[in-house]
$ cat input05.txt   # compact mmCIF, C-alpha atoms
# COMPACT_ATOMS: atom_id res chain seq x y z
CA VAL P 1075 21.99 51.39 78.84
CA LEU P 1076 23.44 48.85 81.23
CA VAL P 1077 25.40 50.02 84.26
CA PRO P 1078 28.55 47.98 84.99
CA ASP P 1079 27.68 45.27 87.49
CA ARG P 1080 30.44 43.38 89.28
CA LYS P 1081 28.08 40.45 89.75
CA LEU P 1082 28.33 39.78 86.04
CA SER P 1083 32.14 39.60 86.05
CA GLU P 1084 32.37 35.97 84.97
CA GLY P 1085 34.03 34.39 81.95
CA LEU P 1086 33.20 35.63 78.47
CA LEU P 1087 30.97 32.70 77.50
CA GLU P 1088 29.24 32.69 80.89
CA THR P 1089 28.51 36.39 80.62
CA LEU P 1090 27.15 36.09 77.07
CA ALA P 1091 24.99 33.16 78.19
CA LEU P 1092 23.18 35.56 80.53
CA ARG P 1093 21.99 37.50 77.47
CA PRO P 1094 20.09 35.18 75.08
CA GLU P 1095 20.02 37.87 72.37
CA PHE P 1096 23.75 37.18 71.82
CA SER P 1097 23.42 33.38 71.52
CA LEU P 1098 24.45 33.20 67.84
CA PHE P 1099 27.58 35.30 68.28
CA ARG P 1100 28.44 33.25 71.37
CA SER P 1101 28.14 30.05 69.33
CA TYR P 1102 30.64 31.38 66.75
CA LEU P 1103 33.17 32.18 69.48
CA ILE P 1104 32.88 28.53 70.52
CA ASP P 1105 32.93 27.12 66.97
CA TYR P 1106 36.14 29.00 66.09
CA ASN P 1107 37.85 28.39 69.48
CA LEU P 1108 38.35 32.13 70.00
CA THR P 1109 37.42 32.33 73.67
CA GLU P 1110 40.78 31.22 75.07
CA GLU P 1111 42.73 33.57 72.81
CA ILE P 1112 40.51 36.49 73.83
CA GLU P 1113 40.63 35.79 77.56
CA GLN P 1114 44.40 35.28 77.53
CA ALA P 1115 44.78 38.96 76.66
CA ASP P 1116 45.29 41.30 79.60
CA GLU P 1117 42.00 43.00 78.70
CA PHE P 1118 39.47 42.80 75.88
CA THR P 1119 36.44 44.54 74.40
CA VAL P 1120 33.78 42.58 72.50
CA PHE P 1121 31.15 44.14 70.23
CA ALA P 1122 28.48 41.44 70.08
CA PRO P 1123 25.81 41.71 67.36
CA THR P 1124 22.35 40.61 68.41
CA ASP P 1125 20.77 37.46 67.00
CA ALA P 1126 18.45 39.64 64.91
CA ALA P 1127 21.45 41.49 63.47
CA VAL P 1128 23.26 38.23 62.67
CA THR P 1129 20.17 36.74 61.01
CA ASP P 1130 19.67 39.87 58.91
CA TYR P 1131 23.34 39.82 57.85
CA LEU P 1132 23.25 36.14 56.88
CA THR P 1133 20.12 36.70 54.80
CA LYS P 1134 21.65 39.65 52.95
CA MET P 1135 24.94 37.82 52.35
CA ALA P 1136 23.25 34.50 51.44
CA ALA P 1137 25.47 32.83 54.06
CA THR P 1138 24.81 30.17 56.67
CA ALA P 1139 27.19 31.44 59.37
CA LEU P 1140 29.53 34.28 60.25
CA ASP P 1141 33.04 33.40 59.11
CA VAL P 1142 35.94 33.41 61.54
CA ASN P 1143 37.42 36.70 60.28
CA THR P 1144 34.12 38.55 60.63
CA THR P 1145 33.82 37.20 64.17
CA ARG P 1146 37.38 38.32 65.03
CA TYR P 1147 36.62 41.76 63.57
CA HIS P 1148 34.19 42.34 66.45
CA VAL P 1149 36.88 42.04 69.14
CA VAL P 1150 39.55 44.45 70.40
CA LEU P 1151 42.35 42.90 72.45
CA SER P 1152 44.48 44.44 75.22
CA GLU P 1153 41.96 47.15 76.12
CA ARG P 1154 38.81 47.23 78.22
CA LEU P 1155 36.91 50.08 76.60
CA LEU P 1156 33.89 51.25 78.58
CA ARG P 1157 31.25 53.40 76.92
CA THR P 1158 32.72 56.58 78.42
CA GLU P 1159 36.03 55.78 76.72
CA LEU P 1160 34.31 55.22 73.36
CA GLN P 1161 32.19 58.38 73.59
CA PRO P 1162 34.88 60.85 72.41
CA GLY P 1163 35.41 58.80 69.25
CA GLY P 1164 38.60 57.32 67.87
CA PHE P 1165 40.08 54.21 66.30
CA ARG P 1166 41.27 50.84 67.60
CA ALA P 1167 42.79 47.82 65.87
CA SER P 1168 40.46 44.82 65.78
CA MET P 1169 41.53 41.25 66.50
CA LEU P 1170 42.34 40.96 62.78
CA GLY P 1171 45.29 43.32 63.23
CA GLU P 1172 46.39 46.91 62.72
CA SER P 1173 45.19 46.99 59.11
CA PHE P 1174 41.59 46.35 60.19
CA GLN P 1175 40.60 49.16 62.53
CA LEU P 1176 37.26 49.97 64.12
CA ARG P 1177 36.01 53.55 64.20
CA PHE P 1178 34.02 54.91 67.15
CA SER P 1179 31.86 57.97 66.51
CA PRO P 1180 29.07 59.75 68.41
CA ARG P 1181 26.16 60.86 66.19
CA GLU P 1182 23.08 62.74 67.37
CA GLY P 1183 23.35 61.40 70.90
CA GLU P 1184 24.03 57.80 69.84
CA LEU P 1185 27.33 55.91 69.67
CA PHE P 1186 28.43 53.94 66.61
CA VAL P 1187 31.16 51.40 65.89
CA ASN P 1188 31.75 51.75 62.16
CA GLU P 1189 28.11 51.79 60.99
CA ALA P 1190 26.70 49.67 63.85
CA GLN P 1191 24.91 51.42 66.70
CA LEU P 1192 25.59 50.41 70.30
CA ASP P 1193 22.36 48.94 71.70
CA SER P 1194 23.64 48.01 75.14
CA SER P 1195 26.94 48.61 76.83
CA ASN P 1196 29.28 47.93 79.75
CA LEU P 1197 28.44 44.28 80.35
CA LEU P 1198 31.49 43.32 82.40
CA SER P 1199 33.17 39.96 81.94
CA SER P 1200 36.26 38.93 83.93
CA ASN P 1201 38.99 41.18 82.50
CA GLY P 1202 36.90 42.47 79.60
CA VAL P 1203 33.70 44.23 78.62
CA ILE P 1204 30.93 43.44 76.12
CA HIS P 1205 28.87 45.95 74.14
CA GLY P 1206 25.83 44.95 72.10
CA VAL P 1207 25.62 46.30 68.55
CA SER P 1208 22.66 46.55 66.19
CA ALA P 1209 24.40 45.19 63.09
CA VAL P 1210 27.16 42.86 61.98
CA MET P 1211 30.14 44.99 60.96
CA ILE P 1212 31.47 44.50 57.44
CA ILE P 1213 35.23 43.98 57.45
CA ASN P 1214 37.00 47.15 56.41
CA ARG P 1215 40.67 46.95 55.53
CA ASN P 1216 41.64 50.57 55.84
CA ARG P 1217 45.43 50.30 56.21
CA CYS P 1218 47.83 48.80 53.67
CA ASP P 1219 51.15 49.40 55.40
CA ASP P 1220 54.48 48.68 53.72
CA ALA P 1221 56.62 46.42 55.90
CA SER P 1222 60.27 45.45 55.53
CA PHE P 1223 62.62 43.59 57.86
CA THR P 1224 66.20 44.17 58.94
CA ARG P 1225 68.29 41.24 60.18
CA SER P 1226 70.86 41.60 62.95
CA PRO P 1227 72.78 39.15 65.19
CA GLY P 1228 71.33 38.50 68.62
CA SER P 1229 73.14 38.01 71.92
CA CYS P 1230 75.42 35.04 72.53
CA VAL P 1231 73.66 32.97 75.20
CA ASP P 1232 73.66 29.48 76.67
CA CYS P 1233 72.12 27.16 74.08
CA LEU P 1234 70.00 25.21 76.57
CA PHE P 1235 69.41 27.70 79.39
CA PRO P 1236 69.68 31.27 78.05
CA GLN P 1237 69.92 33.74 80.94
CA GLY P 1238 69.47 36.95 79.00
CA LYS P 1239 67.40 38.11 76.07
CA ILE P 1240 67.96 36.21 72.84
CA CYS P 1241 67.05 39.29 70.80
CA PRO P 1242 67.05 43.00 71.73
CA ASN P 1243 63.82 44.85 72.46
CA ALA P 1244 61.56 45.51 69.45
CA THR P 1245 63.06 42.53 67.60
CA ARG P 1246 62.24 38.85 67.41
CA PRO P 1247 64.12 35.68 66.43
CA ASP P 1248 64.08 34.77 62.74
CA LEU P 1249 62.81 31.20 62.91
CA SER P 1250 63.76 30.61 59.28
CA MET P 1251 67.47 30.97 60.14
CA ARG P 1252 69.55 28.44 62.08
CA THR P 1253 71.29 29.61 65.24
CA ARG P 1254 75.05 30.05 65.01
CA LYS P 1255 77.71 28.95 67.45
CA CYS P 1256 79.49 31.68 69.42
CA MET P 1257 81.68 32.14 72.50
CA PHE P 1258 80.67 33.85 75.73
CA THR P 1259 82.05 34.06 79.27
CA ARG P 1260 80.32 32.70 82.33
CA MET P 1261 81.15 32.52 86.01
CA PHE P 1262 81.62 29.11 87.66
CA GLU P 1263 82.80 28.80 91.27
CA GLY P 1264 84.32 32.26 91.12
CA GLU P 1265 86.16 31.68 87.86
CA ARG P 1266 85.42 33.19 84.48
CA LEU P 1267 85.07 30.47 81.85
CA LEU P 1268 84.91 30.74 78.07
CA THR P 1269 81.90 28.75 76.87
CA ILE P 1270 80.36 27.79 73.52
CA GLY P 1271 76.93 29.39 73.11
CA CYS P 1272 74.27 30.06 70.49
CA ARG P 1273 73.41 33.26 68.64
CA ALA P 1274 70.08 33.78 66.88
CA THR P 1275 69.40 36.03 63.92
CA CYS P 1276 66.96 38.77 64.96
CA LEU P 1277 64.36 40.55 62.87
CA GLN P 1278 63.33 44.17 63.26
CA GLU P 1279 60.17 45.21 61.45
CA ASN P 1280 60.22 48.55 59.66
CA ARG P 1281 56.68 49.66 58.91
CA VAL P 1282 55.57 52.61 56.81
CA ARG P 1283 51.93 53.43 57.44
CA ARG P 1284 49.83 53.72 54.31
CA CYS P 1285 46.09 53.88 53.70
CA CYS P 1286 44.37 51.44 51.38
CA SER P 1287 42.70 52.81 48.28
CA GLY P 1288 39.50 54.64 49.23
CA PHE P 1289 40.76 55.69 52.69
CA PHE P 1290 42.42 58.92 53.78
CA GLY P 1291 44.06 60.82 56.61
CA PRO P 1292 46.24 59.79 59.55
CA HIS P 1293 43.62 57.28 60.73
CA CYS P 1294 42.76 56.03 57.22
CA GLU P 1295 39.08 56.99 57.36
CA SER P 1296 36.69 55.94 54.61
CA CYS P 1297 36.22 58.29 51.67
CA PRO P 1298 32.66 59.57 51.08
CA GLY P 1299 30.30 57.06 49.50
CA PRO P 1300 28.91 53.59 50.21
CA ALA P 1301 31.19 50.95 51.69
CA GLY P 1302 33.64 49.79 49.03
CA GLN P 1303 32.51 52.50 46.59
CA SER P 1304 34.44 55.67 47.33
CA CYS P 1305 32.81 58.70 45.74
CA SER P 1306 29.96 56.34 44.73
CA SER P 1307 32.26 55.05 41.95
CA ASN P 1308 31.44 58.28 40.12
CA GLY P 1309 34.67 60.14 40.86
CA PHE P 1310 38.07 60.04 42.48
CA CYS P 1311 38.91 60.51 46.14
CA SER P 1312 41.99 62.33 47.41
CA ASP P 1313 42.90 59.28 49.48
CA GLY P 1314 46.13 58.25 51.18
CA ALA P 1315 47.59 59.21 54.56
CA SER P 1316 48.10 62.82 53.43
CA GLY P 1317 44.80 63.04 51.50
CA ALA P 1318 41.85 65.18 52.54
CA GLY P 1319 39.14 62.72 51.51
CA ASN P 1320 37.50 65.05 49.00
CA CYS P 1321 35.78 63.69 45.89
CA SER P 1322 36.51 64.98 42.40
CA CYS P 1323 33.39 63.97 40.49
CA ASN P 1324 33.25 62.70 36.94
CA PRO P 1325 31.47 64.92 34.37
CA GLY P 1326 27.72 64.93 34.99
CA PHE P 1327 27.96 64.18 38.74
CA ARG P 1328 28.05 66.34 41.84
CA GLY P 1329 27.67 66.05 45.62
CA THR P 1330 29.98 65.27 48.53
CA ALA P 1331 30.09 61.63 47.41
CA CYS P 1332 29.31 62.30 43.70
CA GLU P 1333 25.93 60.77 44.44
CA THR P 1334 23.67 62.99 42.32
CA CYS P 1335 23.50 64.31 38.78
CA SER P 1336 24.64 67.81 37.91
CA ALA P 1337 21.98 70.38 37.11
CA GLY P 1338 20.33 69.57 33.79
CA LYS P 1339 21.63 65.98 33.75
CA TYR P 1340 19.73 62.77 34.41
CA GLY P 1341 19.93 59.02 33.83
CA VAL P 1342 21.88 56.23 35.51
CA HIS P 1343 25.18 57.70 34.30
CA CYS P 1344 24.02 61.34 34.47
CA ASP P 1345 24.85 61.69 30.79
CA GLN P 1346 21.47 62.63 29.39
$ encode --input "input05.txt" --output "structure tokens"
Amino acid sequence: VLVPDRKLSEGLLETLALRPEFSLFRSYLIDYNLTEEIEQADEFTVFAPTDAAVTDYLTKMAATALDVNTTRYHVVLSERLLRTELQPGGFRASMLGESFQLRFSPREGELFVNEAQLDSSNLLSSNGVIHGVSAVMIINRNRCDDASFTRSPGSCVDCLFPQGKICPNATRPDLSMRTRKCMFTRMFEGERLLTIGCRATCLQENRVRRCCSGFFGPHCESCPGPAGQSCSSNGFCSDGASGAGNCSCNPGFRGTACETCSAGKYGVHCDQ
């Protein structure tokens, strides 16, 4: 385990260049022009798969390179998460957004991100930190939130030099709508003048959190079974935000993930 070393607090690419085992992942950050976006965040956490992990993944997937979304899935923006902060477990949104969260979990003295084990940790880089992981993480979309938008008029401000906020907090301008003319008062040489201004239409997002199929609970954790096969495709999971994640197995199957045949049954479909 690496101890944080201030001497290594250089840029992201410079820090990765000090560790040749991350050369492939570093090359994808360059290829997809992700470095600037990452370093513009106040803080960041990168989970860098080793070259061996990347090579193994590409072989299994019959691919020639990690795609941009898989690369982004290995980054958390706006937080610098040291190993001690990951140790208790929890969830964080990846660079792909809130619907694509990473799960941190300690198991038998080791620390995992999804199903990838942390090999090395706390490699400091400018305003971020890098952790090495033993495998490329498969993208998991665990949240399928319902989103709707409410439109409301913004403030009337100077069209060229707005002094105040165009839209209230927690809203943003609707760029699909043209601004409207309006009247506002302004002070000029001690006199209050009535002036023509501009008013934007503002959008407020209303989001209802929902889990994707095969995920359950407040954090939308994966139901039992292999990735993408809840209950081993041999049963039904009580999924959803209020679900408990339990499998109800089809006839002939049993087990936490419906992974084995019931007593006295055998065969691929446990029907003999």
$ residues_around --input "input05.txt" --residues "Gln1346 in chain P" --least-positions-apart "4" --cutoff "12 Å" --atoms "all atoms listed in the file" --output "list in words"
Pro1325, Gly1326, Phe1327, Cys1335, Ser1336, Ala1337, Gly1338, Lys1339, Tyr1340, Gly1341 and Val1342 of chain P
$ residues_around --input "input05.txt" --residues "Ser1179 in chain P" --least-positions-apart "2" --cutoff "10 Å" --atoms "only C-alpha atoms" --output "ChimeraX atom specification"
/P:1160-1165,1176-1177,1181,1184-1189,1191
$ atom_distance --input "input05.txt" --atom1 "CA of Leu1155 in chain P" --atom2 "CA of Tyr1106 in chain P"
23.6 Å
$ residues_around --input "input05.txt" --residues "Arg1217 in chain P" --least-positions-apart "2" --cutoff "12 Å" --atoms "only C-alpha atoms" --output "PDB file with C-alpha atoms, in the frame of the given file"
ATOM      1  CA  ALA P1167      42.790  47.820  65.870  1.00  0.00           C
ATOM      2  CA  LEU P1170      42.340  40.960  62.780  1.00  0.00           C
ATOM      3  CA  GLY P1171      45.290  43.320  63.230  1.00  0.00           C
ATOM      4  CA  GLU P1172      46.390  46.910  62.720  1.00  0.00           C
ATOM      5  CA  SER P1173      45.190  46.990  59.110  1.00  0.00           C
ATOM      6  CA  PHE P1174      41.590  46.350  60.190  1.00  0.00           C
ATOM      7  CA  GLN P1175      40.600  49.160  62.530  1.00  0.00           C
ATOM      8  CA  LEU P1176      37.260  49.970  64.120  1.00  0.00           C
ATOM      9  CA  ASN P1214      37.000  47.150  56.410  1.00  0.00           C
ATOM     10  CA  ARG P1215      40.670  46.950  55.530  1.00  0.00           C
ATOM     11  CA  ASP P1219      51.150  49.400  55.400  1.00  0.00           C
ATOM     12  CA  ASP P1220      54.480  48.680  53.720  1.00  0.00           C
ATOM     13  CA  ALA P1221      56.620  46.420  55.900  1.00  0.00           C
ATOM     14  CA  ARG P1281      56.680  49.660  58.910  1.00  0.00           C
ATOM     15  CA  VAL P1282      55.570  52.610  56.810  1.00  0.00           C
ATOM     16  CA  ARG P1283      51.930  53.430  57.440  1.00  0.00           C
ATOM     17  CA  ARG P1284      49.830  53.720  54.310  1.00  0.00           C
ATOM     18  CA  CYS P1285      46.090  53.880  53.700  1.00  0.00           C
ATOM     19  CA  CYS P1286      44.370  51.440  51.380  1.00  0.00           C
ATOM     20  CA  SER P1287      42.700  52.810  48.280  1.00  0.00           C
ATOM     21  CA  GLY P1288      39.500  54.640  49.230  1.00  0.00           C
ATOM     22  CA  PHE P1289      40.760  55.690  52.690  1.00  0.00           C
ATOM     23  CA  PHE P1290      42.420  58.920  53.780  1.00  0.00           C
ATOM     24  CA  GLY P1291      44.060  60.820  56.610  1.00  0.00           C
ATOM     25  CA  PRO P1292      46.240  59.790  59.550  1.00  0.00           C
ATOM     26  CA  HIS P1293      43.620  57.280  60.730  1.00  0.00           C
ATOM     27  CA  CYS P1294      42.760  56.030  57.220  1.00  0.00           C
ATOM     28  CA  GLU P1295      39.080  56.990  57.360  1.00  0.00           C
ATOM     29  CA  SER P1296      36.690  55.940  54.610  1.00  0.00           C
ATOM     30  CA  ASP P1313      42.900  59.280  49.480  1.00  0.00           C
ATOM     31  CA  GLY P1314      46.130  58.250  51.180  1.00  0.00           C
ATOM     32  CA  ALA P1315      47.590  59.210  54.560  1.00  0.00           C
TER      33      ALA P1315
END
$ atom_distance --input "input05.txt" --atom1 "CA of Thr1124 in chain P" --atom2 "CA of Phe1096 in chain P"
5.0 Å
$ atom_distance --input "input05.txt" --atom1 "CA of Glu1263 in chain P" --atom2 "CA of Pro1227 in chain P"
29.8 Å
$ residues_around --input "input05.txt" --residues "Ser1322 in chain P" --least-positions-apart "6" --cutoff "12 Å" --atoms "only C-alpha atoms" --output "ChimeraX atom specification"
/P:1297-1298,1304-1313,1328-1333
$ closest_residue --input "input05.txt" --among "P:Val1150, P:Met1251, P:Ala1127, P:Cys1233" --to "Ala1190 in chain P" --atoms "only C-alpha atoms"
P:Ala1127
$ residues_around --input "input05.txt" --residues "Ser1199 in chain P" --least-positions-apart "2" --cutoff "9 Å" --atoms "only C-alpha atoms" --output "mmCIF file with C-alpha atoms, keeping the file's coordinate frame"
data_model
loop_
_atom_site.group_PDB
_atom_site.id
_atom_site.type_symbol
_atom_site.label_atom_id
_atom_site.label_comp_id
_atom_site.auth_asym_id
_atom_site.auth_seq_id
_atom_site.Cartn_x
_atom_site.Cartn_y
_atom_site.Cartn_z
ATOM 1 C CA ARG P 1080 30.440 43.380 89.280
ATOM 2 C CA LEU P 1082 28.330 39.780 86.040
ATOM 3 C CA SER P 1083 32.140 39.600 86.050
ATOM 4 C CA GLU P 1084 32.370 35.970 84.970
ATOM 5 C CA GLY P 1085 34.030 34.390 81.950
ATOM 6 C CA LEU P 1086 33.200 35.630 78.470
ATOM 7 C CA LEU P 1087 30.970 32.700 77.500
ATOM 8 C CA GLU P 1088 29.240 32.690 80.890
ATOM 9 C CA THR P 1089 28.510 36.390 80.620
ATOM 10 C CA LEU P 1090 27.150 36.090 77.070
ATOM 11 C CA LEU P 1197 28.440 44.280 80.350
ATOM 12 C CA ASN P 1201 38.990 41.180 82.500
ATOM 13 C CA GLY P 1202 36.900 42.470 79.600
ATOM 14 C CA VAL P 1203 33.700 44.230 78.620
ATOM 15 C CA ILE P 1204 30.930 43.440 76.120
#
$ closest_residue --input "input05.txt" --among "P:Pro1236, P:Phe1099, P:Glu1159, P:Ile1104" --to "Thr1145 in chain P" --atoms "only C-alpha atoms"
P:Phe1099
$ closest_residue --input "input05.txt" --among "P:Cys1323, P:Cys1218, P:Leu1098, P:Ala1274" --to "Thr1138 in chain P" --atoms "only C-alpha atoms"
P:Leu1098
$ decode --input "input05.txt" --residues "range 1197-1218 of chain P" --atoms "C-alpha atoms" --output "PDB file, in the first residue's frame"
ATOM      1  CA  LEU P1197      -1.110   8.132  -5.207  1.00  0.00           C
ATOM      2  CA  LEU P1198      -1.583  11.893  -4.923  1.00  0.00           C
ATOM      3  CA  SER P1199      -1.908  14.056  -8.012  1.00  0.00           C
ATOM      4  CA  SER P1200      -2.427  17.834  -7.814  1.00  0.00           C
ATOM      5  CA  ASN P1201      -5.995  18.132  -6.486  1.00  0.00           C
ATOM      6  CA  GLY P1202      -6.824  14.446  -6.871  1.00  0.00           C
ATOM      7  CA  VAL P1203      -5.830  10.923  -5.937  1.00  0.00           C
ATOM      8  CA  ILE P1204      -5.240   7.735  -7.951  1.00  0.00           C
ATOM      9  CA  HIS P1205      -5.920   4.170  -6.831  1.00  0.00           C
ATOM     10  CA  GLY P1206      -4.771   1.141  -8.804  1.00  0.00           C
ATOM     11  CA  VAL P1207      -7.349  -1.601  -9.406  1.00  0.00           C
ATOM     12  CA  SER P1208      -6.888  -5.210 -10.463  1.00  0.00           C
ATOM     13  CA  ALA P1209      -9.610  -5.290 -13.121  1.00  0.00           C
ATOM     14  CA  VAL P1210     -11.440  -3.108 -15.601  1.00  0.00           C
ATOM     15  CA  MET P1211     -14.866  -2.340 -14.162  1.00  0.00           C
ATOM     16  CA  ILE P1212     -17.863  -3.276 -16.293  1.00  0.00           C
ATOM     17  CA  ILE P1213     -20.294  -0.370 -16.619  1.00  0.00           C
ATOM     18  CA  ASN P1214     -23.251  -0.875 -14.324  1.00  0.00           C
ATOM     19  CA  ARG P1215     -26.284   1.332 -14.811  1.00  0.00           C
ATOM     20  CA  ASN P1216     -27.988   0.893 -11.483  1.00  0.00           C
ATOM     21  CA  ARG P1217     -30.278   3.938 -11.413  1.00  0.00           C
ATOM     22  CA  CYS P1218     -33.058   4.719 -13.894  1.00  0.00           C
TER      23      CYS P1218
END
